[in-house]
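Okay, work38.pdb is below, PDB, C-alpha atoms:
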ATOM      1  CA  MET A   1      10.840  10.527  -7.958
ATOM      2  CA  SER A   2       7.778  12.287  -6.606
ATOM      3  CA  ALA A   3       4.246  11.088  -5.984
ATOM      4  CA  LEU A   4       2.045  10.505  -9.014
ATOM      5  CA  THR A   5      -1.659  11.234  -8.893
ATOM      6  CA  VAL A   6      -4.091   9.059 -10.783
ATOM      7  CA  ASP A   7      -7.177  10.746 -12.198
ATOM      8  CA  PRO A   8      -9.998   8.460 -11.039
ATOM      9  CA  ALA A   9     -12.063   8.866 -14.213
ATOM     10  CA  PRO A  10     -13.502  11.594 -16.352
ATOM     11  CA  GLY A  11     -16.223  13.580 -14.704
ATOM     12  CA  HIS A  12     -16.987  14.416 -11.117
ATOM     13  CA  GLY A  13     -19.050  12.866  -8.369
ATOM     14  CA  GLN A  14     -16.921   9.805  -7.621
ATOM     15  CA  ASP A  15     -18.332   8.110  -4.576
ATOM     16  CA  TRP A  16     -16.316   6.307  -1.924
ATOM     17  CA  ASP A  17     -16.863   2.823  -3.363
ATOM     18  CA  ASP A  18     -15.642   3.998  -6.794
ATOM     19  CA  LEU A  19     -12.485   5.461  -5.263
ATOM     20  CA  VAL A  20     -11.766   2.281  -3.314
ATOM     21  CA  ARG A  21     -12.280   0.178  -6.451
ATOM     22  CA  ILE A  22      -9.809   2.360  -8.372
ATOM     23  CA  TRP A  23      -7.368   2.113  -5.438
ATOM     24  CA  GLU A  24      -7.656  -1.675  -5.437
ATOM     25  CA  GLU A  25      -7.162  -1.894  -9.198
ATOM     26  CA  THR A  26      -4.213   0.510  -9.454
ATOM     27  CA  ASP A  27      -1.225  -1.460 -10.709
ATOM     28  CA  ALA A  28       1.865   0.157  -9.206
ATOM     29  CA  PRO A  29       5.448  -1.089  -9.249
ATOM     30  CA  GLU A  30       6.449  -3.294  -6.326
ATOM     31  CA  GLY A  31       7.239  -1.310  -3.195
ATOM     32  CA  CYS A  32       5.241   1.742  -4.242
ATOM     33  CA  LYS A  33       2.543   3.008  -1.935
ATOM     34  CA  VAL A  34      -0.945   3.548  -3.383
ATOM     35  CA  GLU A  35      -3.195   5.736  -1.253
ATOM     36  CA  ILE A  36      -6.319   7.852  -1.561
ATOM     37  CA  ILE A  37      -5.547  11.342  -0.301
ATOM     38  CA  GLU A  38      -8.385  13.845  -0.322
ATOM     39  CA  GLY A  39     -10.219  11.923  -3.015
ATOM     40  CA  ILE A  40      -7.222  11.411  -5.323
ATOM     41  CA  VAL A  41      -5.555   8.050  -5.874
ATOM     42  CA  THR A  42      -1.837   8.723  -5.314
ATOM     43  CA  VAL A  43       1.152   6.500  -6.085
ATOM     44  CA  SER A  44       4.396   7.187  -4.212
ATOM     45  CA  PRO A  45       7.787   5.600  -4.894
ATOM     46  CA  PRO A  46       9.310   3.152  -2.399
ATOM     47  CA  PRO A  47      10.699   4.921   0.669
ATOM     48  CA  SER A  48      14.404   5.612   1.094
ATOM     49  CA  LYS A  49      16.769   3.513   3.194
ATOM     50  CA  ASP A  50      16.819   6.196   5.926
ATOM     51  CA  HIS A  51      13.005   6.234   5.928
ATOM     52  CA  ASN A  52      12.916   2.445   6.361
ATOM     53  CA  THR A  53      15.576   2.567   9.072
ATOM     54  CA  THR A  54      13.548   5.151  11.015
ATOM     55  CA  ALA A  55      10.446   2.931  10.809
ATOM     56  CA  GLU A  56      12.442  -0.121  11.904
ATOM     57  CA  LEU A  57      14.029   1.662  14.878
ATOM     58  CA  LEU A  58      10.672   2.978  16.073
ATOM     59  CA  GLN A  59       8.956  -0.370  15.558
ATOM     60  CA  ARG A  60      11.641  -2.105  17.627
ATOM     61  CA  ARG A  61      11.010   0.342  20.509
ATOM     62  CA  LEU A  62       7.226   0.067  20.273
ATOM     63  CA  TYR A  63       7.299  -3.729  20.559
ATOM     64  CA  THR A  64       8.811  -3.365  24.038
ATOM     65  CA  VAL A  65       5.734  -1.531  25.378
ATOM     66  CA  ILE A  66       2.606  -2.626  23.495
ATOM     67  CA  PRO A  67       0.261  -5.290  24.873
ATOM     68  CA  GLU A  68       0.767  -8.856  23.600
ATOM     69  CA  ASP A  69      -2.514  -8.753  21.675
ATOM     70  CA  TRP A  70      -1.573  -5.626  19.669
ATOM     71  CA  GLY A  71       0.416  -5.537  16.451
ATOM     72  CA  ILE A  72       2.469  -3.046  14.460
ATOM     73  CA  TYR A  73       1.756  -2.998  10.734
ATOM     74  CA  GLN A  74       3.563  -1.326   7.822
ATOM     75  CA  THR A  75       1.281  -1.987   4.859
ATOM     76  CA  LEU A  76      -2.194  -1.988   6.397
ATOM     77  CA  GLY A  77      -4.713   0.385   4.834
ATOM     78  CA  VAL A  78      -6.458   2.833   7.142
ATOM     79  CA  SER A  79      -9.858   4.052   5.867
ATOM     80  CA  VAL A  80     -10.791   7.676   6.413
ATOM     81  CA  PRO A  81     -13.912   8.004   4.231
ATOM     82  CA  GLY A  82     -14.954  11.262   5.931
ATOM     83  CA  ARG A  83     -11.886  12.869   4.296
ATOM     84  CA  ALA A  84     -12.049  10.761   1.115
ATOM     85  CA  GLY A  85      -8.892   9.019   2.288
ATOM     86  CA  LEU A  86      -7.401   5.583   2.422
ATOM     87  CA  TYR A  87      -3.910   5.904   3.831
ATOM     88  CA  ILE A  88      -1.070   3.417   4.203
ATOM     89  CA  PRO A  89       0.752   4.724   7.282
ATOM     90  CA  ASP A  90       4.421   3.951   7.758
ATOM     91  CA  LEU A  91       3.410   2.252  11.020
ATOM     92  CA  VAL A  92       0.017   1.646  12.587
ATOM     93  CA  VAL A  93      -0.509   0.105  16.015
ATOM     94  CA  VAL A  94      -3.811  -1.688  16.403
ATOM     95  CA  PRO A  95      -5.251  -4.590  18.389
ATOM     96  CA  ARG A  96      -4.403  -7.751  16.443
ATOM     97  CA  ASP A  97      -8.024  -8.925  16.263
ATOM     98  CA  ILE A  98      -8.895  -5.762  14.290
ATOM     99  CA  ALA A  99      -6.124  -6.505  11.758
ATOM    100  CA  THR A 100      -6.991 -10.195  11.409
ATOM    101  CA  GLY A 101      -9.271 -11.612   8.734
ATOM    102  CA  PRO A 102     -10.064 -10.861   5.122
ATOM    103  CA  GLY A 103      -9.370  -7.534   3.481
ATOM    104  CA  ASN A 104      -6.488  -5.104   3.523
ATOM    105  CA  ARG A 105      -7.749  -2.140   5.524
ATOM    106  CA  ILE A 106      -9.210  -1.134   8.862
ATOM    107  CA  PRO A 107     -11.341   1.803   9.993
ATOM    108  CA  ALA A 108      -8.995   4.585  11.120
ATOM    109  CA  GLU A 109     -10.726   4.982  14.475
ATOM    110  CA  GLU A 110      -9.491   1.495  15.464
ATOM    111  CA  ALA A 111      -5.831   2.617  15.357
ATOM    112  CA  ARG A 112      -4.151   3.298  18.697
ATOM    113  CA  LEU A 113      -1.160   5.034  17.101
ATOM    114  CA  VAL A 114      -0.393   6.020  13.535
ATOM    115  CA  VAL A 115       3.104   7.034  12.420
ATOM    116  CA  GLU A 116       3.970   8.887   9.233
ATOM    117  CA  ILE A 117       7.563   9.603   8.204
ATOM    118  CA  THR A 118       7.770  12.353   5.615
ATOM    119  CA  SER A 119       9.466  11.913   2.270
ATOM    120  CA  GLN A 120      10.890  14.919   0.485
ATOM    121  CA  ALA A 121       8.575  14.704  -2.525
ATOM    122  CA  ASN A 122       5.251  14.381  -0.704
ATOM    123  CA  ALA A 123       5.800  15.685   2.838
ATOM    124  CA  ASN A 124       2.772  17.974   2.706
ATOM    125  CA  HIS A 125       0.417  15.004   2.404
ATOM    126  CA  ASP A 126       1.637  13.895   5.848
ATOM    127  CA  ARG A 127       1.909  17.407   7.336
ATOM    128  CA  ILE A 128      -1.496  18.669   6.253
ATOM    129  CA  GLY A 129      -3.935  16.228   4.639
ATOM    130  CA  LYS A 130      -3.226  13.235   6.830
ATOM    131  CA  VAL A 131      -3.127  15.253  10.055
ATOM    132  CA  HIS A 132      -6.672  16.431   9.321
ATOM    133  CA  GLY A 133      -7.791  12.999   8.112
ATOM    134  CA  TYR A 134      -6.552  11.108  11.146
ATOM    135  CA  ALA A 135      -7.988  13.755  13.496
ATOM    136  CA  LYS A 136     -11.382  13.676  11.795
ATOM    137  CA  ALA A 137     -11.419   9.879  12.072
ATOM    138  CA  GLY A 138     -10.599  10.049  15.794
ATOM    139  CA  VAL A 139      -7.199   8.309  15.722
ATOM    140  CA  GLU A 140      -5.990   8.600  19.326
ATOM    141  CA  LEU A 141      -2.325   9.419  18.635
ATOM    142  CA  PHE A 142      -0.537  10.502  15.469
ATOM    143  CA  LEU A 143       3.258  10.740  15.407
ATOM    144  CA  LEU A 144       4.723  12.731  12.530
ATOM    145  CA  LEU A 145       8.435  12.205  11.998
ATOM    146  CA  ASP A 146       9.608  14.925   9.645
ATOM    147  CA  PRO A 147      13.262  14.684   8.592
ATOM    148  CA  TRP A 148      12.443  17.164   5.782
ATOM    149  CA  HIS A 149      11.089  19.915   8.026
ATOM    150  CA  SER A 150      12.516  23.279   7.027
ATOM    151  CA  GLY A 151      15.310  24.172   9.358
ATOM    152  CA  ARG A 152      15.814  21.013  11.380
ATOM    153  CA  PRO A 153      14.138  17.605  11.403
ATOM    154  CA  THR A 154      11.278  17.412  13.896
ATOM    155  CA  ALA A 155       9.044  14.900  15.629
ATOM    156  CA  THR A 156       5.499  16.030  16.446
ATOM    157  CA  LEU A 157       2.996  14.087  18.518
ATOM    158  CA  TYR A 158      -0.674  14.889  17.963
ATOM    159  CA  GLY A 159      -3.488  13.697  20.204
ATOM    160  CA  GLU A 160      -6.855  14.484  21.779
ATOM    161  CA  PRO A 161      -8.744  14.615  18.470
ATOM    162  CA  GLY A 162     -11.919  16.661  18.443
ATOM    163  CA  ASP A 163     -13.959  18.514  15.836
ATOM    164  CA  GLY A 164     -11.627  17.250  13.100
ATOM    165  CA  THR A 165      -8.465  18.700  14.621
ATOM    166  CA  TYR A 166      -5.685  17.567  16.931
ATOM    167  CA  ARG A 167      -3.981  19.153  19.850
ATOM    168  CA  VAL A 168      -0.182  19.200  19.502
ATOM    169  CA  LEU A 169       0.999  17.218  22.537
ATOM    170  CA  ASP A 170       4.728  17.727  21.917
ATOM    171  CA  THR A 171       7.198  18.782  19.236
ATOM    172  CA  VAL A 172      10.949  18.261  19.422
ATOM    173  CA  GLU A 173      13.834  18.675  17.027
ATOM    174  CA  TYR A 174      15.617  15.420  16.239
ATOM    175  CA  GLY A 175      17.984  14.816  19.101
ATOM    176  CA  GLY A 176      15.347  15.638  21.711
ATOM    177  CA  LYS A 177      13.237  13.258  23.757
ATOM    178  CA  LEU A 178       9.554  12.783  22.967
ATOM    179  CA  THR A 179       7.264  10.827  25.276
ATOM    180  CA  LEU A 180       4.386   8.725  23.982
ATOM    181  CA  PRO A 181       1.701   8.722  26.700
ATOM    182  CA  GLU A 182      -0.060   5.670  28.097
ATOM    183  CA  PRO A 183      -0.887   3.061  27.031
ATOM    184  CA  PHE A 184       2.619   3.296  25.522
ATOM    185  CA  GLY A 185       4.563   5.129  28.233
ATOM    186  CA  LEU A 186       7.589   5.304  25.948
ATOM    187  CA  ASP A 187      10.385   7.872  25.899
ATOM    188  CA  LEU A 188      11.748   8.180  22.365
ATOM    189  CA  ASP A 189      15.259   9.456  21.722
ATOM    190  CA  THR A 190      14.714  11.074  18.335
ATOM    191  CA  GLY A 191      18.473  11.465  17.923
ATOM    192  CA  ALA A 192      18.559   7.791  16.935
ATOM    193  CA  PHE A 193      16.661   8.499  13.713
ATOM    194  CA  PRO A 194      18.744   9.122  10.575
ATOM    195  CA  VAL A 195      18.562  12.512   8.954
ATOM    196  CA  SER A 196      18.077  12.330   5.204
TER
END

How would this structure read if it were set down as C-alpha cells?
Amino acid sequence: MSALTVDPAPGHGQDWDDLVRIWEETDAPEGCKVEIIEGIVTVSPPPSKDHNTTAELLQRRLYTVIPEDWGIYQTLGVSVPGRAGLYIPDLVVVPRDIATGPGNRIPAEEARLVVEITSQANANHDRIGKVHGYAKAGVELFLLLDPWHSGRPTATLYGEPGDGTYRVLDTVEYGGKLTLPEPFGLDLDTGAFPVS
C-alpha cells in the first residue's frame, strides 16, 4: 500500500492554519501516519516490521548517550511551516520540556536529531522533501536510513543547515559505521539494521 494524498479542499490559497486543521481532522486507520508534505495532507500505511525494528534498534542505542532531560519520540509532530510541512519523523530527539504539555507537535528547530527511515512506497518524501524541510527549519542533525536506496541500503547523516540546505556529514552503505557527532558521540553499526 502506498501513501494516499488528501486534497485539502477545492480551490487554492490554503493557509497554514487551514492545512493544520485538515491534518488534525483527517481520520486515518490506526497506525497510519498523517503528515503535511509540501502543502499536501498525506496518509501513509503503518510501517513494516523491519522498519519498526530499525527504529527500535536505533532508539535503544540513542538512549545510552542522550542527556537525562532529553527524550526520543516516535509520534510527535514536527512543524515546518516554511515548507508547508508537518512531519511525523520515525524518531525525534528533543529536550523533554519542549515535548511536554498540551498539543501534539513542536517547532522543528527545537529538534536535536530527526530520523527518517524510508518505506518503499514513499521514499522520495524522506529523500527530497523532508531533507529540504528539516534544513530550512534549522534541524541540527537529520539521519536518513534508506533500506530502499537503489543499489544498496544506505545511511546518510545531514548537518550544518544553512540557507535551506544541509551539508552531507557522512554516508555509508549498511554494514558500515556512521558516527553521530556531539552531543551524541555515538558510533552506529548500520549492519545491525534489517534490510527489507

Near-A:Asp50 list (9 Å; only C-alpha atoms; drop same-chain fewer than 3 positions) as a ChimeraX atom specification: /A:47,53-55,193-196

Dump C-alpha atoms for the selected residues as a compact mmCIF listing (two decimals), in the frame of the given file?
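The file below, result.txt, is the result:
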# COMPACT_ATOMS: atom_id res chain seq x y z
CA PRO A 47 10.70 4.92 0.67
CA THR A 53 15.58 2.57 9.07
CA THR A 54 13.55 5.15 11.02
CA ALA A 55 10.45 2.93 10.81
CA PHE A 193 16.66 8.50 13.71
CA PRO A 194 18.74 9.12 10.58
CA VAL A 195 18.56 12.51 8.95
CA SER A 196 18.08 12.33 5.20

For the provided coordinates, the residues matched by the PyMOL selection byres ((chain A and resi 134) around 10) should be stated as a VMD selection string. chain A and resid 78 to 80 82 to 83 85 87 108 to 109 111 114 129 to 133 135 to 142 158 to 159 161 164 to 166

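Nearest-residue note for A:Pro46: choosing from A:Ala121, A:Leu188, A:Leu19, A:Leu58, the minimum distance belongs to A:Ala121, counting only C-alpha atoms.
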
Nearest residue to A:Ile40 out of A:Val93, A:Leu86, A:Leu57, A:Ala155, using all atoms listed in the file?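 Ranked by minimum distance to A:Ile40, first place goes to A:Leu86.
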
Excluding A:Glu110 and its own-chain neighbours fewer than 4 positions away, which residues fall within 8 Å of it when counting only C-alpha atoms? Please give them as a tab-separated table (two decimals) with C-alpha atoms, in the frame of the given file.
chain	number	residue	atom	x	y	z
A	94	VAL	CA	-3.81	-1.69	16.40
A	95	PRO	CA	-5.25	-4.59	18.39
A	98	ILE	CA	-8.90	-5.76	14.29
A	106	ILE	CA	-9.21	-1.13	8.86
A	139	VAL	CA	-7.20	8.31	15.72

Write out, as JSON lines, each residue of stretch 41-160 of chain A that has an atom at most 9 Å from stretch 170-185 of chain A, together with the closest pair of atoms and their distance in Å to one decimal, counting all atoms listed in the file, rows going by chain and rising number.
{"residue": "A:Leu62", "atom": "CA", "partner": "A:Phe184", "partner_atom": "CA", "distance": 7.7}
{"residue": "A:Val65", "atom": "CA", "partner": "A:Phe184", "partner_atom": "CA", "distance": 5.7}
{"residue": "A:Ile66", "atom": "CA", "partner": "A:Phe184", "partner_atom": "CA", "distance": 6.3}
{"residue": "A:Pro67", "atom": "CA", "partner": "A:Pro183", "partner_atom": "CA", "distance": 8.7}
{"residue": "A:Arg112", "atom": "CA", "partner": "A:Pro183", "partner_atom": "CA", "distance": 9.0}
{"residue": "A:Leu141", "atom": "CA", "partner": "A:Leu180", "partner_atom": "CA", "distance": 8.6}
{"residue": "A:Leu143", "atom": "CA", "partner": "A:Leu180", "partner_atom": "CA", "distance": 8.9}
{"residue": "A:Leu145", "atom": "CA", "partner": "A:Tyr174", "partner_atom": "CA", "distance": 8.9}
{"residue": "A:Asp146", "atom": "CA", "partner": "A:Tyr174", "partner_atom": "CA", "distance": 8.9}
{"residue": "A:Pro147", "atom": "CA", "partner": "A:Tyr174", "partner_atom": "CA", "distance": 8.0}
{"residue": "A:Arg152", "atom": "CA", "partner": "A:Glu173", "partner_atom": "CA", "distance": 6.4}
{"residue": "A:Pro153", "atom": "CA", "partner": "A:Tyr174", "partner_atom": "CA", "distance": 5.5}
{"residue": "A:Thr154", "atom": "CA", "partner": "A:Glu173", "partner_atom": "CA", "distance": 4.2}
{"residue": "A:Ala155", "atom": "CA", "partner": "A:Val172", "partner_atom": "CA", "distance": 5.4}
{"residue": "A:Thr156", "atom": "CA", "partner": "A:Thr171", "partner_atom": "CA", "distance": 4.3}
{"residue": "A:Leu157", "atom": "CA", "partner": "A:Asp170", "partner_atom": "CA", "distance": 5.3}
{"residue": "A:Tyr158", "atom": "CA", "partner": "A:Asp170", "partner_atom": "CA", "distance": 7.3}

How about saving the chosen residues, C-alpha atoms kept, as a short mmCIF file (atom, residue, chain, number, x, y, z; two decimals), in the frame of the given file?
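And here is the file that came out, again.cif:
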data_model
loop_
_atom_site.label_atom_id
_atom_site.label_comp_id
_atom_site.auth_asym_id
_atom_site.auth_seq_id
_atom_site.Cartn_x
_atom_site.Cartn_y
_atom_site.Cartn_z
CA LEU A 62 7.23 0.07 20.27
CA VAL A 65 5.73 -1.53 25.38
CA ILE A 66 2.61 -2.63 23.50
CA PRO A 67 0.26 -5.29 24.87
CA ARG A 112 -4.15 3.30 18.70
CA LEU A 141 -2.33 9.42 18.64
CA LEU A 143 3.26 10.74 15.41
CA LEU A 145 8.44 12.20 12.00
CA ASP A 146 9.61 14.92 9.64
CA PRO A 147 13.26 14.68 8.59
CA ARG A 152 15.81 21.01 11.38
CA PRO A 153 14.14 17.60 11.40
CA THR A 154 11.28 17.41 13.90
CA ALA A 155 9.04 14.90 15.63
CA THR A 156 5.50 16.03 16.45
CA LEU A 157 3.00 14.09 18.52
CA TYR A 158 -0.67 14.89 17.96
#

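What separates atom CA of A:Ile117 from atom CA of A:His51 is a distance of 6.8 Å.
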
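Across the model, the gap from atom CA of A:Pro89 to atom CA of A:Cys32 is 12.7 Å.
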
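What separates atom CA of A:Leu76 from atom CA of A:Ala28 is a distance of 16.3 Å.
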
Convert the output of the PyMOL selection byres ((chain A and resi 22) around 12) on the shown file into explicit residues, formatted as a ChimeraX atom specification. /A:6-9,14-21,23-28,34-36,39-43,86

As lines of an AutoDock Vina configuration file, please report the centre and edge lengths, rounded to one decimal in Å, of the axis-aligned box that holds all listed atoms of stretch 121-135 of chain A with 6 Å of padding on each of the six sides.
center_x = 0.3
center_y = 14.9
center_z = 5.5
size_x = 28.6
size_y = 19.6
size_z = 28.0

Could you state which residues are captured by the PyMOL selection byres ((chain A and resi 120) around 9) in this file, as a short mmCIF file (atom, residue, chain, number, x, y, z; two decimals) with C-alpha atoms, in the frame of the given file?
data_model
loop_
_atom_site.label_atom_id
_atom_site.label_comp_id
_atom_site.auth_asym_id
_atom_site.auth_seq_id
_atom_site.Cartn_x
_atom_site.Cartn_y
_atom_site.Cartn_z
CA SER A 2 7.78 12.29 -6.61
CA THR A 118 7.77 12.35 5.62
CA SER A 119 9.47 11.91 2.27
CA ALA A 121 8.57 14.70 -2.52
CA ASN A 122 5.25 14.38 -0.70
CA ALA A 123 5.80 15.68 2.84
CA ASN A 124 2.77 17.97 2.71
CA PRO A 147 13.26 14.68 8.59
CA TRP A 148 12.44 17.16 5.78
CA SER A 196 18.08 12.33 5.20
#

With all atoms listed in the file as the basis for distance, which of A:Glu116, A:Asp97, A:His125, A:Gly162 is at the shortest distance from A:Ile37?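 Among the listed residues, the smallest separation from A:Ile37 belongs to A:His125.
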
Top pick for closest residue to A:Asn104, considering A:Gly77, A:Thr64, A:Glu38, A:Asp90 and counting all atoms listed in the file: A:Gly77

Restricting the calculation to all atoms listed in the file: of A:Leu169, A:Ala192, A:Leu186, A:Leu113, which residue gets closest to A:Trp70? A:Leu113
